[in-house]
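Have a look at the structure below, then the notes.
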Amino acid sequence: MSTLRRAALVLSCVAGAVAALPAAAGAVLPTVAVDGVTTPLPNFGAHRGVTVTAACAAGSRLVGGGGYLRNASDPTVPPTNGLVLGGATASTGASPVDLAAGDGTVDPASWMSIANYTGVSEAGNQASTFALCTTASGPSHTIVKSASTTGQNAAQEVQAPNITTATCPAGTRLIGGGATTNTPDQVNDGVTVGNNGNLKPMATYPSDAAGASTADGATSATSWSAFGSAGLTGVGDTVTAYALCSTDTSTPPVQVRRVDVDGPDAQAGTTVTAASATCPSGTRLLGGGYRVDETVNGVGGLQPQQGYHMRGSYPSTTGGPPPTAVDDGASNPDTWTALLQAGGQNLAAGKHMTTRAFAMCATEPAAPTAPAAQTGAADQITGTTARLTGTVTPHDAATAYVFEYGPTLAFGSITAPASAGSGSAGVPVTETLTGLSAGTTYFYRLVASNAQGTTVGAVMSVTTVGAVAPVAATLSATGVTSAAATLTGTVNPRGSETAFTFEYGTTTAFGSISAIDNAGPGGTTQNVALPIIGLTPNTTYVYRIVATNAHGTTTGPVLSFTTTGGA
């Protein structure tokens, strides 16, 4: 067969196998719709809170969300009072007081934000919640992973914050998250007086498993972290971080866009700081978060002074200042804004806040490519068999593979096509060749193919075990009685059909042989045994194993045993 005809046959076999494989569920950029719910807030008094809930429509999938607190008469102006964002996360959708979705929740459909008054309240404010919902091709099969820390918060302005981190389980991908804080007396019903208005999250952001903030442009975030701040701390204060994790293996990496904005030193109590992060072209906003750190006399990363509050973490326009929230029903927003405002507390000289906004951006899936094929070393080699190995990377398309092999570089033989799946990671593959000739060198290579093309791996070689005599060793006799014993040993046929027996007798001339048995044509050492009978009591016998194939005979060392006395 000519080289061209052989190559055509290989490609035909692999292409036919590819056609028989199920097509990969290719990921595409999701379409995101915003469900926004805005609620007027009554003058319900200090240290009270309410929950506001938005829900994704049937058939869509919650991927993130946020909250925004505003002045009703002019939504572009943040309230000038003690109104704070007390948390925002995936929720159960309960009414009238919503609850955060618990650890292990599958596919939550609602998002809540908490509006708290810390010390001063007034009528005329509004609280908005935004649920970001994928309506087409979005990350699917999401789960919630949560982690909580209970105890007093770090000392303000002198210590680093106490960070709580929830990490997505292995095999899932972080797509977003949220955070809540609560005290033992917290009931966000707008009626109950408690400390709930005082303790609030000052950070809810993508991170690594140690709680370190994700860098701008990174796709490595595995976790969601949070910390809180309170003027009156207590041992019952709890901060909970919620990671939203996709179990959909086709979910492409989520890129984090991060913008850090430093406030001026000696900020006045009415200062407003807005940090907005915009997803780059070719990505899609899934949600976002924020982190606020304080710097004191050049020392950064400190627990914020409790007089500063978050007024919003929300999908927004690029206008402002501050940027306005998107409308209910908006499609594919691209910007996330974190809004910080002082609640009347001034900062002294040498002190300022840094507001960090994080946008979670679904990336465009990579264009399909031909598979990768890496030929590996052969193993499990005998005189007639050898196992070929390799690695195939399907590059997210249904992929099949074969091995070409033969005694020359023209190969001449092909293994049956097999599937390597349609994943993105390398897949170890093997194929055992049989019917080979002993002592012969064979060349082989791996060939992989999908709808995007065919890749041929490097040529490697394997030499079968040569035409040689077997290996044999004599072992100790067992089951010795006055008239019988079982003789044992080991045999390696070394790739050729091999028979074995035991010679035995009272002298090294032996004189007797056991039955003859077959050890097969394998290439591994095996234990063998044969019984002998008709022995004389109280007599010492010598014996040895004898193994024979077409290429020679091997005898094992001579050993001995002594029969027992007669009855």
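Residues are named by chain letter and number: chains run A, B, ... in the order of the structure tokens, numbers start at 1 in each chain, and ligands are numbered from 1 in the order shown.
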Self-check item: Spatial neighbours of segment 430-432 of chain A, max dist 10 Å, only C-alpha atoms, sep filter under 4 positions, as number ranges by chain
Solution: A: 375-376, 378-381, 385-391, 402-403, 415-416, 418, 446
Output of the above residues as a PDB file, in the first residue's frame, restricted to C-alpha atoms:
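So the final result, stored in out.pdb, reads:
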ATOM      1  CA  THR A 375       2.808   9.553  21.526  1.00  0.00           C
ATOM      2  CA  GLY A 376       3.979   7.853  24.728  1.00  0.00           C
ATOM      3  CA  ALA A 378       5.347   1.405  25.172  1.00  0.00           C
ATOM      4  CA  ASP A 379       5.123  -0.906  28.181  1.00  0.00           C
ATOM      5  CA  GLN A 380       3.950  -4.422  29.162  1.00  0.00           C
ATOM      6  CA  ILE A 381       6.193  -5.819  26.408  1.00  0.00           C
ATOM      7  CA  THR A 385       2.439  -8.213  22.703  1.00  0.00           C
ATOM      8  CA  ALA A 386       3.087  -4.595  23.673  1.00  0.00           C
ATOM      9  CA  ARG A 387       0.920  -1.811  25.092  1.00  0.00           C
ATOM     10  CA  LEU A 388       1.136   1.569  23.337  1.00  0.00           C
ATOM     11  CA  THR A 389       0.408   4.741  25.299  1.00  0.00           C
ATOM     12  CA  GLY A 390      -0.186   8.410  24.572  1.00  0.00           C
ATOM     13  CA  THR A 391      -2.152  11.525  25.467  1.00  0.00           C
ATOM     14  CA  VAL A 402      -5.854   5.404  16.484  1.00  0.00           C
ATOM     15  CA  PHE A 403      -2.297   4.101  16.643  1.00  0.00           C
ATOM     16  CA  THR A 415      -5.654  -0.069  15.698  1.00  0.00           C
ATOM     17  CA  ALA A 416      -9.439   0.245  15.925  1.00  0.00           C
ATOM     18  CA  ALA A 418     -11.517   4.875  19.912  1.00  0.00           C
ATOM     19  CA  LEU A 446      -0.665   8.279  17.790  1.00  0.00           C
TER      20      LEU A 446
END
Self-check item: Selection: 9 Å around Gly457 of chain A, only C-alpha atoms, excl. self and same-chain fewer than 2 positions, as a PyMOL selection string
Solution: chain A and resi 372-375+390+445-448+455+459
Quiz item: Excluding same-chain residues fewer than 3 positions from Leu340 of chain A, what lies within 8 Å of it counting only C-alpha atoms, as number ranges by chain?
Solution: A: 272-274, 308-312, 355
Exercise. Could you give me, as a PyMOL selection string, each residue of segment 175-293 of chain A that DSSP assigns to strand (DSSP E) when run on this structure's backbone?
Key: chain A and resi 175-182+200-207+223-229+238-246+254-262+272-278+283-293
Just want the 6 Å neighbourhood of segment 242-251 of chain A, counted on only C-alpha atoms, with same-chain residues fewer than 6 positions away dropped. Output as a PDB file with all heavy atoms, in the first residue's frame.
ATOM      1  N   ALA A  27     -19.488  26.047  24.517  1.00  0.00           N
ATOM      2  CA  ALA A  27     -19.925  27.204  25.287  1.00  0.00           C
ATOM      3  C   ALA A  27     -19.920  28.440  24.402  1.00  0.00           C
ATOM      4  O   ALA A  27     -19.055  28.612  23.554  1.00  0.00           O
ATOM      5  CB  ALA A  27     -18.976  27.405  26.464  1.00  0.00           C
ATOM      6  N   PRO A 139     -23.720  30.011  32.153  1.00  0.00           N
ATOM      7  CA  PRO A 139     -23.261  28.949  33.046  1.00  0.00           C
ATOM      8  C   PRO A 139     -24.476  28.284  33.697  1.00  0.00           C
ATOM      9  O   PRO A 139     -25.368  28.968  34.202  1.00  0.00           O
ATOM     10  CB  PRO A 139     -22.409  29.691  34.083  1.00  0.00           C
ATOM     11  CG  PRO A 139     -21.980  30.947  33.388  1.00  0.00           C
ATOM     12  CD  PRO A 139     -23.127  31.316  32.501  1.00  0.00           C
ATOM     13  N   SER A 140     -24.525  26.974  33.688  1.00  0.00           N
ATOM     14  CA  SER A 140     -25.677  26.269  34.237  1.00  0.00           C
ATOM     15  C   SER A 140     -25.258  25.404  35.407  1.00  0.00           C
ATOM     16  O   SER A 140     -24.081  25.235  35.690  1.00  0.00           O
ATOM     17  CB  SER A 140     -26.341  25.415  33.154  1.00  0.00           C
ATOM     18  OG  SER A 140     -25.431  24.448  32.672  1.00  0.00           O
ATOM     19  N   HIS A 141     -26.266  24.886  36.095  1.00  0.00           N
ATOM     20  CA  HIS A 141     -26.046  23.972  37.210  1.00  0.00           C
ATOM     21  C   HIS A 141     -25.154  24.620  38.270  1.00  0.00           C
ATOM     22  O   HIS A 141     -24.066  24.135  38.566  1.00  0.00           O
ATOM     23  CB  HIS A 141     -25.438  22.659  36.722  1.00  0.00           C
ATOM     24  CG  HIS A 141     -26.184  22.050  35.583  1.00  0.00           C
ATOM     25  ND1 HIS A 141     -27.487  21.613  35.689  1.00  0.00           N
ATOM     26  CD2 HIS A 141     -25.845  21.827  34.297  1.00  0.00           C
ATOM     27  CE1 HIS A 141     -27.899  21.140  34.534  1.00  0.00           C
ATOM     28  NE2 HIS A 141     -26.928  21.261  33.666  1.00  0.00           N
ATOM     29  N   THR A 142     -25.622  25.717  38.834  1.00  0.00           N
ATOM     30  CA  THR A 142     -24.840  26.422  39.842  1.00  0.00           C
ATOM     31  C   THR A 142     -25.151  25.893  41.239  1.00  0.00           C
ATOM     32  O   THR A 142     -26.249  25.411  41.519  1.00  0.00           O
ATOM     33  CB  THR A 142     -25.124  27.937  39.812  1.00  0.00           C
ATOM     34  OG1 THR A 142     -26.544  28.143  39.952  1.00  0.00           O
ATOM     35  CG2 THR A 142     -24.662  28.540  38.508  1.00  0.00           C
ATOM     36  N   ILE A 143     -24.172  25.992  42.129  1.00  0.00           N
ATOM     37  CA  ILE A 143     -24.361  25.647  43.529  1.00  0.00           C
ATOM     38  C   ILE A 143     -23.813  26.774  44.381  1.00  0.00           C
ATOM     39  O   ILE A 143     -22.970  27.558  43.936  1.00  0.00           O
ATOM     40  CB  ILE A 143     -23.665  24.327  43.904  1.00  0.00           C
ATOM     41  CG1 ILE A 143     -22.139  24.429  43.673  1.00  0.00           C
ATOM     42  CG2 ILE A 143     -24.248  23.160  43.138  1.00  0.00           C
ATOM     43  CD1 ILE A 143     -21.379  23.238  44.214  1.00  0.00           C
ATOM     44  N   VAL A 144     -24.316  26.880  45.601  1.00  0.00           N
ATOM     45  CA  VAL A 144     -23.854  27.887  46.542  1.00  0.00           C
ATOM     46  C   VAL A 144     -22.935  27.223  47.556  1.00  0.00           C
ATOM     47  O   VAL A 144     -23.277  26.186  48.134  1.00  0.00           O
ATOM     48  CB  VAL A 144     -25.028  28.560  47.267  1.00  0.00           C
ATOM     49  CG1 VAL A 144     -24.524  29.514  48.347  1.00  0.00           C
ATOM     50  CG2 VAL A 144     -25.918  29.297  46.278  1.00  0.00           C
ATOM     51  N   LYS A 145     -21.759  27.809  47.758  1.00  0.00           N
ATOM     52  CA  LYS A 145     -20.835  27.366  48.795  1.00  0.00           C
ATOM     53  C   LYS A 145     -20.661  28.511  49.774  1.00  0.00           C
ATOM     54  O   LYS A 145     -20.298  29.625  49.370  1.00  0.00           O
ATOM     55  CB  LYS A 145     -19.480  26.978  48.182  1.00  0.00           C
ATOM     56  CG  LYS A 145     -18.493  26.416  49.197  1.00  0.00           C
ATOM     57  CD  LYS A 145     -18.970  25.119  49.774  1.00  0.00           C
ATOM     58  CE  LYS A 145     -17.976  24.531  50.781  1.00  0.00           C
ATOM     59  NZ  LYS A 145     -18.481  23.297  51.395  1.00  0.00           N
ATOM     60  N   SER A 146     -20.950  28.287  51.056  1.00  0.00           N
ATOM     61  CA  SER A 146     -20.872  29.381  52.023  1.00  0.00           C
ATOM     62  C   SER A 146     -19.910  29.041  53.147  1.00  0.00           C
ATOM     63  O   SER A 146     -19.608  27.881  53.413  1.00  0.00           O
ATOM     64  CB  SER A 146     -22.258  29.686  52.610  1.00  0.00           C
ATOM     65  OG  SER A 146     -22.717  28.614  53.410  1.00  0.00           O
ATOM     66  N   ALA A 166     -15.284  31.589  51.260  1.00  0.00           N
ATOM     67  CA  ALA A 166     -15.962  30.380  50.771  1.00  0.00           C
ATOM     68  C   ALA A 166     -15.312  29.976  49.452  1.00  0.00           C
ATOM     69  O   ALA A 166     -15.206  30.799  48.538  1.00  0.00           O
ATOM     70  CB  ALA A 166     -17.449  30.636  50.576  1.00  0.00           C
ATOM     71  N   CYS A 168     -15.045  27.435  46.075  1.00  0.00           N
ATOM     72  CA  CYS A 168     -15.815  26.526  45.224  1.00  0.00           C
ATOM     73  C   CYS A 168     -15.235  25.116  45.285  1.00  0.00           C
ATOM     74  O   CYS A 168     -14.011  24.947  45.346  1.00  0.00           O
ATOM     75  CB  CYS A 168     -15.810  27.018  43.779  1.00  0.00           C
ATOM     76  SG  CYS A 168     -16.878  28.457  43.493  1.00  0.00           S
ATOM     77  N   THR A 172     -15.579  22.685  39.943  1.00  0.00           N
ATOM     78  CA  THR A 172     -16.530  23.755  39.635  1.00  0.00           C
ATOM     79  C   THR A 172     -15.761  25.040  39.362  1.00  0.00           C
ATOM     80  O   THR A 172     -14.559  25.130  39.619  1.00  0.00           O
ATOM     81  CB  THR A 172     -17.529  23.988  40.778  1.00  0.00           C
ATOM     82  OG1 THR A 172     -16.831  24.497  41.940  1.00  0.00           O
ATOM     83  CG2 THR A 172     -18.228  22.694  41.158  1.00  0.00           C
ATOM     84  N   ARG A 173     -16.467  26.065  38.854  1.00  0.00           N
ATOM     85  CA  ARG A 173     -15.828  27.339  38.523  1.00  0.00           C
ATOM     86  C   ARG A 173     -16.571  28.486  39.190  1.00  0.00           C
ATOM     87  O   ARG A 173     -17.804  28.572  39.140  1.00  0.00           O
ATOM     88  CB  ARG A 173     -15.826  27.541  37.006  1.00  0.00           C
ATOM     89  CG  ARG A 173     -14.971  28.734  36.577  1.00  0.00           C
ATOM     90  CD  ARG A 173     -15.091  28.981  35.085  1.00  0.00           C
ATOM     91  NE  ARG A 173     -14.606  27.896  34.257  1.00  0.00           N
ATOM     92  CZ  ARG A 173     -13.326  27.654  34.017  1.00  0.00           C
ATOM     93  NH1 ARG A 173     -12.386  28.386  34.562  1.00  0.00           N
ATOM     94  NH2 ARG A 173     -12.974  26.672  33.210  1.00  0.00           N
ATOM     95  N   LEU A 174     -15.820  29.377  39.851  1.00  0.00           N
ATOM     96  CA  LEU A 174     -16.422  30.549  40.485  1.00  0.00           C
ATOM     97  C   LEU A 174     -16.971  31.494  39.422  1.00  0.00           C
ATOM     98  O   LEU A 174     -16.262  31.884  38.497  1.00  0.00           O
ATOM     99  CB  LEU A 174     -15.379  31.287  41.327  1.00  0.00           C
ATOM    100  CG  LEU A 174     -15.885  32.557  42.024  1.00  0.00           C
ATOM    101  CD1 LEU A 174     -16.722  32.192  43.252  1.00  0.00           C
ATOM    102  CD2 LEU A 174     -14.715  33.451  42.437  1.00  0.00           C
ATOM    103  N   ILE A 175     -18.260  31.872  39.561  1.00  0.00           N
ATOM    104  CA  ILE A 175     -18.836  32.853  38.646  1.00  0.00           C
ATOM    105  C   ILE A 175     -19.309  34.105  39.385  1.00  0.00           C
ATOM    106  O   ILE A 175     -19.589  35.128  38.751  1.00  0.00           O
ATOM    107  CB  ILE A 175     -19.996  32.265  37.835  1.00  0.00           C
ATOM    108  CG1 ILE A 175     -21.132  31.800  38.751  1.00  0.00           C
ATOM    109  CG2 ILE A 175     -19.512  31.122  36.955  1.00  0.00           C
ATOM    110  CD1 ILE A 175     -22.379  31.375  37.994  1.00  0.00           C
ATOM    111  N   GLY A 176     -19.398  34.070  40.719  1.00  0.00           N
ATOM    112  CA  GLY A 176     -19.841  35.245  41.470  1.00  0.00           C
ATOM    113  C   GLY A 176     -19.994  34.913  42.931  1.00  0.00           C
ATOM    114  O   GLY A 176     -19.573  33.857  43.405  1.00  0.00           O
ATOM    115  N   GLY A 177     -20.626  35.832  43.665  1.00  0.00           N
ATOM    116  CA  GLY A 177     -20.818  35.594  45.090  1.00  0.00           C
ATOM    117  C   GLY A 177     -21.469  36.756  45.782  1.00  0.00           C
ATOM    118  O   GLY A 177     -21.871  37.748  45.155  1.00  0.00           O
ATOM    119  N   GLY A 178     -21.580  36.648  47.095  1.00  0.00           N
ATOM    120  CA  GLY A 178     -22.210  37.686  47.897  1.00  0.00           C
ATOM    121  C   GLY A 178     -21.818  37.547  49.348  1.00  0.00           C
ATOM    122  O   GLY A 178     -20.997  36.693  49.717  1.00  0.00           O
ATOM    123  N   ALA A 179     -22.421  38.385  50.202  1.00  0.00           N
ATOM    124  CA  ALA A 179     -22.092  38.367  51.626  1.00  0.00           C
ATOM    125  C   ALA A 179     -23.247  38.934  52.432  1.00  0.00           C
ATOM    126  O   ALA A 179     -24.026  39.760  51.942  1.00  0.00           O
ATOM    127  CB  ALA A 179     -20.819  39.165  51.907  1.00  0.00           C
ATOM    128  N   TRP A 224     -14.858  33.268  47.185  1.00  0.00           N
ATOM    129  CA  TRP A 224     -15.491  34.553  47.451  1.00  0.00           C
ATOM    130  C   TRP A 224     -15.270  34.881  48.920  1.00  0.00           C
ATOM    131  O   TRP A 224     -15.480  34.046  49.785  1.00  0.00           O
ATOM    132  CB  TRP A 224     -16.984  34.505  47.131  1.00  0.00           C
ATOM    133  CG  TRP A 224     -17.572  35.867  46.930  1.00  0.00           C
ATOM    134  CD1 TRP A 224     -18.174  36.650  47.866  1.00  0.00           C
ATOM    135  CD2 TRP A 224     -17.588  36.616  45.711  1.00  0.00           C
ATOM    136  NE1 TRP A 224     -18.569  37.845  47.313  1.00  0.00           N
ATOM    137  CE2 TRP A 224     -18.228  37.846  45.991  1.00  0.00           C
ATOM    138  CE3 TRP A 224     -17.131  36.376  44.423  1.00  0.00           C
ATOM    139  CZ2 TRP A 224     -18.418  38.833  45.015  1.00  0.00           C
ATOM    140  CZ3 TRP A 224     -17.315  37.351  43.455  1.00  0.00           C
ATOM    141  CH2 TRP A 224     -17.961  38.558  43.747  1.00  0.00           C
TER     142      TRP A 224
END
Practice problem: Would you mind reading off the distance between atom CA of Asp237 of chain A and atom CA of Val261 of chain A, one decimal, in Å? | Solution: 28.7 Å
Self-check item: Pick from A:Gly211, A:Pro315, A:Pro30, A:Pro368, whichever lies nearest to Thr129 of chain A using only C-alpha atoms
Solution: A:Pro315
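Residue neighbourhood of Thr38 of chain A, excluding near-sequence residues (fewer than 5 positions): A:Val52, A:Gln126, A:Ala127, A:Ser128, A:Thr129, at 8 Å, using only C-alpha atoms.
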Practice problem: Name the residues in contact with Gly406 of chain A at a cut-off of 9 Å, using only C-alpha atoms, excluding same-chain residues fewer than 2 positions from it; report them as a list in words. | Solution: Glu404, Thr408, Leu409, Ala410, Phe411, Gly412, Ser413, Ile414, Thr441, Tyr442, Phe443 and Tyr444 of chain A
Quiz item: Mind pulling up the distance from atom CA of Ala467 of chain A to atom CA of Pro557 of chain A?
Solution: 23.0 Å
Quiz prompt | Pairwise distance for atom CA of Gly421 of chain A and atom CA of Asp396 of chain A, rounded to one decimal in Å | solution =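 Result for atom CA of Gly421 of chain A versus atom CA of Asp396 of chain A: 8.4 Å, one decimal.
Nearest to Thr89 of chain A of all the residues A:Thr555, A:Thr525, A:Thr51, A:Gln305 is A:Thr51, counting only C-alpha atoms.
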Quiz item: Neighbours of segment 283-295 of chain A within 7 Å (only C-alpha atoms; same-chain residues fewer than 4 positions away dropped), as a ChimeraX atom specification?
Solution: /A:29-30,63-65,132,157,176,202-205,279,299-304,313,332-334,336,338,351-364
Take the residues from that selection and write them out as a tab-separated table (two decimals), in the first residue's frame, keeping N, CA and C atoms.
chain	number	residue	atom	x	y	z
A	29	LEU	N	-20.98	32.89	24.54
A	29	LEU	CA	-21.13	33.99	25.47
A	29	LEU	C	-22.59	34.11	25.89
A	30	PRO	N	-22.87	34.19	27.20
A	30	PRO	CA	-24.27	34.21	27.64
A	30	PRO	C	-24.97	35.53	27.34
A	63	VAL	N	-26.97	34.25	37.95
A	63	VAL	CA	-25.51	34.18	37.95
A	63	VAL	C	-24.87	35.23	38.85
A	64	GLY	N	-25.65	36.19	39.35
A	64	GLY	CA	-25.10	37.22	40.22
A	64	GLY	C	-26.15	38.26	40.53
A	65	GLY	N	-25.76	39.27	41.28
A	65	GLY	CA	-26.70	40.33	41.62
A	65	GLY	C	-26.07	41.38	42.51
A	132	LEU	N	-29.08	39.25	38.18
A	132	LEU	CA	-28.55	39.08	36.82
A	132	LEU	C	-28.81	37.64	36.40
A	157	GLU	N	-9.07	50.60	62.12
A	157	GLU	CA	-7.96	51.50	61.79
A	157	GLU	C	-6.59	51.07	62.32
A	176	GLY	N	-19.40	34.07	40.72
A	176	GLY	CA	-19.84	35.25	41.47
A	176	GLY	C	-19.99	34.91	42.93
A	202	MET	N	-18.22	45.30	54.62
A	202	MET	CA	-17.40	46.32	53.97
A	202	MET	C	-16.57	45.70	52.85
A	203	ALA	N	-16.80	44.43	52.60
A	203	ALA	CA	-16.12	43.75	51.50
A	203	ALA	C	-16.89	42.50	51.14
A	204	THR	N	-17.05	42.27	49.85
A	204	THR	CA	-17.59	41.03	49.30
A	204	THR	C	-17.02	40.92	47.89
A	205	TYR	N	-16.04	40.01	47.68
A	205	TYR	CA	-15.19	40.12	46.50
A	205	TYR	C	-14.61	38.77	46.09
A	279	CYS	N	-16.43	45.46	32.01
A	279	CYS	CA	-15.97	44.25	31.34
A	279	CYS	C	-15.45	44.59	29.94
A	299	VAL	N	0.06	53.01	56.22
A	299	VAL	CA	-0.18	51.59	56.44
A	299	VAL	C	-1.56	51.25	55.87
A	300	GLY	N	-1.58	50.41	54.83
A	300	GLY	CA	-2.84	50.09	54.16
A	300	GLY	C	-3.43	48.77	54.60
A	301	GLY	N	-4.62	48.47	54.07
A	301	GLY	CA	-5.27	47.19	54.33
A	301	GLY	C	-5.84	47.04	55.71
A	302	LEU	N	-6.20	48.15	56.36
A	302	LEU	CA	-6.71	48.09	57.73
A	302	LEU	C	-8.24	48.02	57.75
A	303	GLN	N	-8.77	47.53	58.87
A	303	GLN	CA	-10.22	47.48	59.07
A	303	GLN	C	-10.80	48.90	58.95
A	304	PRO	N	-11.82	49.11	58.08
A	304	PRO	CA	-12.34	50.46	57.89
A	304	PRO	C	-12.99	51.03	59.15
A	313	SER	N	-23.61	48.25	45.37
A	313	SER	CA	-22.74	47.35	44.61
A	313	SER	C	-23.67	46.80	43.54
A	332	ASN	N	-27.64	42.73	29.03
A	332	ASN	CA	-26.18	42.71	28.87
A	332	ASN	C	-25.49	43.98	29.36
A	333	PRO	N	-25.68	44.37	30.63
A	333	PRO	CA	-24.89	45.49	31.16
A	333	PRO	C	-23.42	45.11	31.18
A	334	ASP	N	-22.53	46.10	31.18
A	334	ASP	CA	-21.10	45.78	31.14
A	334	ASP	C	-20.28	46.40	32.26
A	336	TRP	N	-19.80	47.44	36.54
A	336	TRP	CA	-20.17	47.21	37.94
A	336	TRP	C	-19.61	48.35	38.78
A	338	ALA	N	-19.13	50.11	42.68
A	338	ALA	CA	-19.13	50.06	44.15
A	338	ALA	C	-19.19	51.49	44.66
A	351	LYS	N	-5.31	59.75	56.82
A	351	LYS	CA	-6.21	58.60	56.71
A	351	LYS	C	-7.07	58.75	55.47
A	352	HIS	N	-7.23	57.62	54.72
A	352	HIS	CA	-8.18	57.63	53.62
A	352	HIS	C	-8.66	56.20	53.34
A	353	MET	N	-9.75	56.10	52.61
A	353	MET	CA	-10.33	54.82	52.23
A	353	MET	C	-9.97	54.51	50.77
A	354	THR	N	-9.82	53.23	50.47
A	354	THR	CA	-9.66	52.78	49.10
A	354	THR	C	-10.84	51.88	48.76
A	355	THR	N	-11.57	52.25	47.73
A	355	THR	CA	-12.73	51.49	47.29
A	355	THR	C	-12.35	50.69	46.05
A	356	ARG	N	-12.57	49.39	46.11
A	356	ARG	CA	-12.20	48.50	45.01
A	356	ARG	C	-13.48	47.88	44.44
A	357	ALA	N	-13.68	48.04	43.14
A	357	ALA	CA	-14.83	47.44	42.45
A	357	ALA	C	-14.34	46.25	41.63
A	358	PHE	N	-15.11	45.15	41.66
A	358	PHE	CA	-14.77	43.93	40.94
A	358	PHE	C	-15.93	43.56	40.02
A	359	ALA	N	-15.67	43.44	38.74
A	359	ALA	CA	-16.67	42.97	37.79
A	359	ALA	C	-16.31	41.55	37.38
A	360	MET	N	-17.30	40.65	37.45
A	360	MET	CA	-17.11	39.25	37.04
A	360	MET	C	-17.55	39.13	35.59
A	361	CYS	N	-16.61	38.83	34.70
A	361	CYS	CA	-16.86	38.89	33.26
A	361	CYS	C	-16.68	37.51	32.62
A	362	ALA	N	-17.77	36.95	32.10
A	362	ALA	CA	-17.68	35.68	31.38
A	362	ALA	C	-16.91	35.90	30.10
A	363	THR	N	-15.92	35.06	29.84
A	363	THR	CA	-15.07	35.25	28.67
A	363	THR	C	-15.64	34.53	27.45
A	364	GLU	N	-15.21	35.01	26.31
A	364	GLU	CA	-15.59	34.36	25.05
A	364	GLU	C	-14.91	33.00	24.99
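Counting only C-alpha atoms, the residue from A:Gly343, A:Val471, A:Arg70, A:Phe227 that sits nearest to Pro322 of chain A is A:Arg70.
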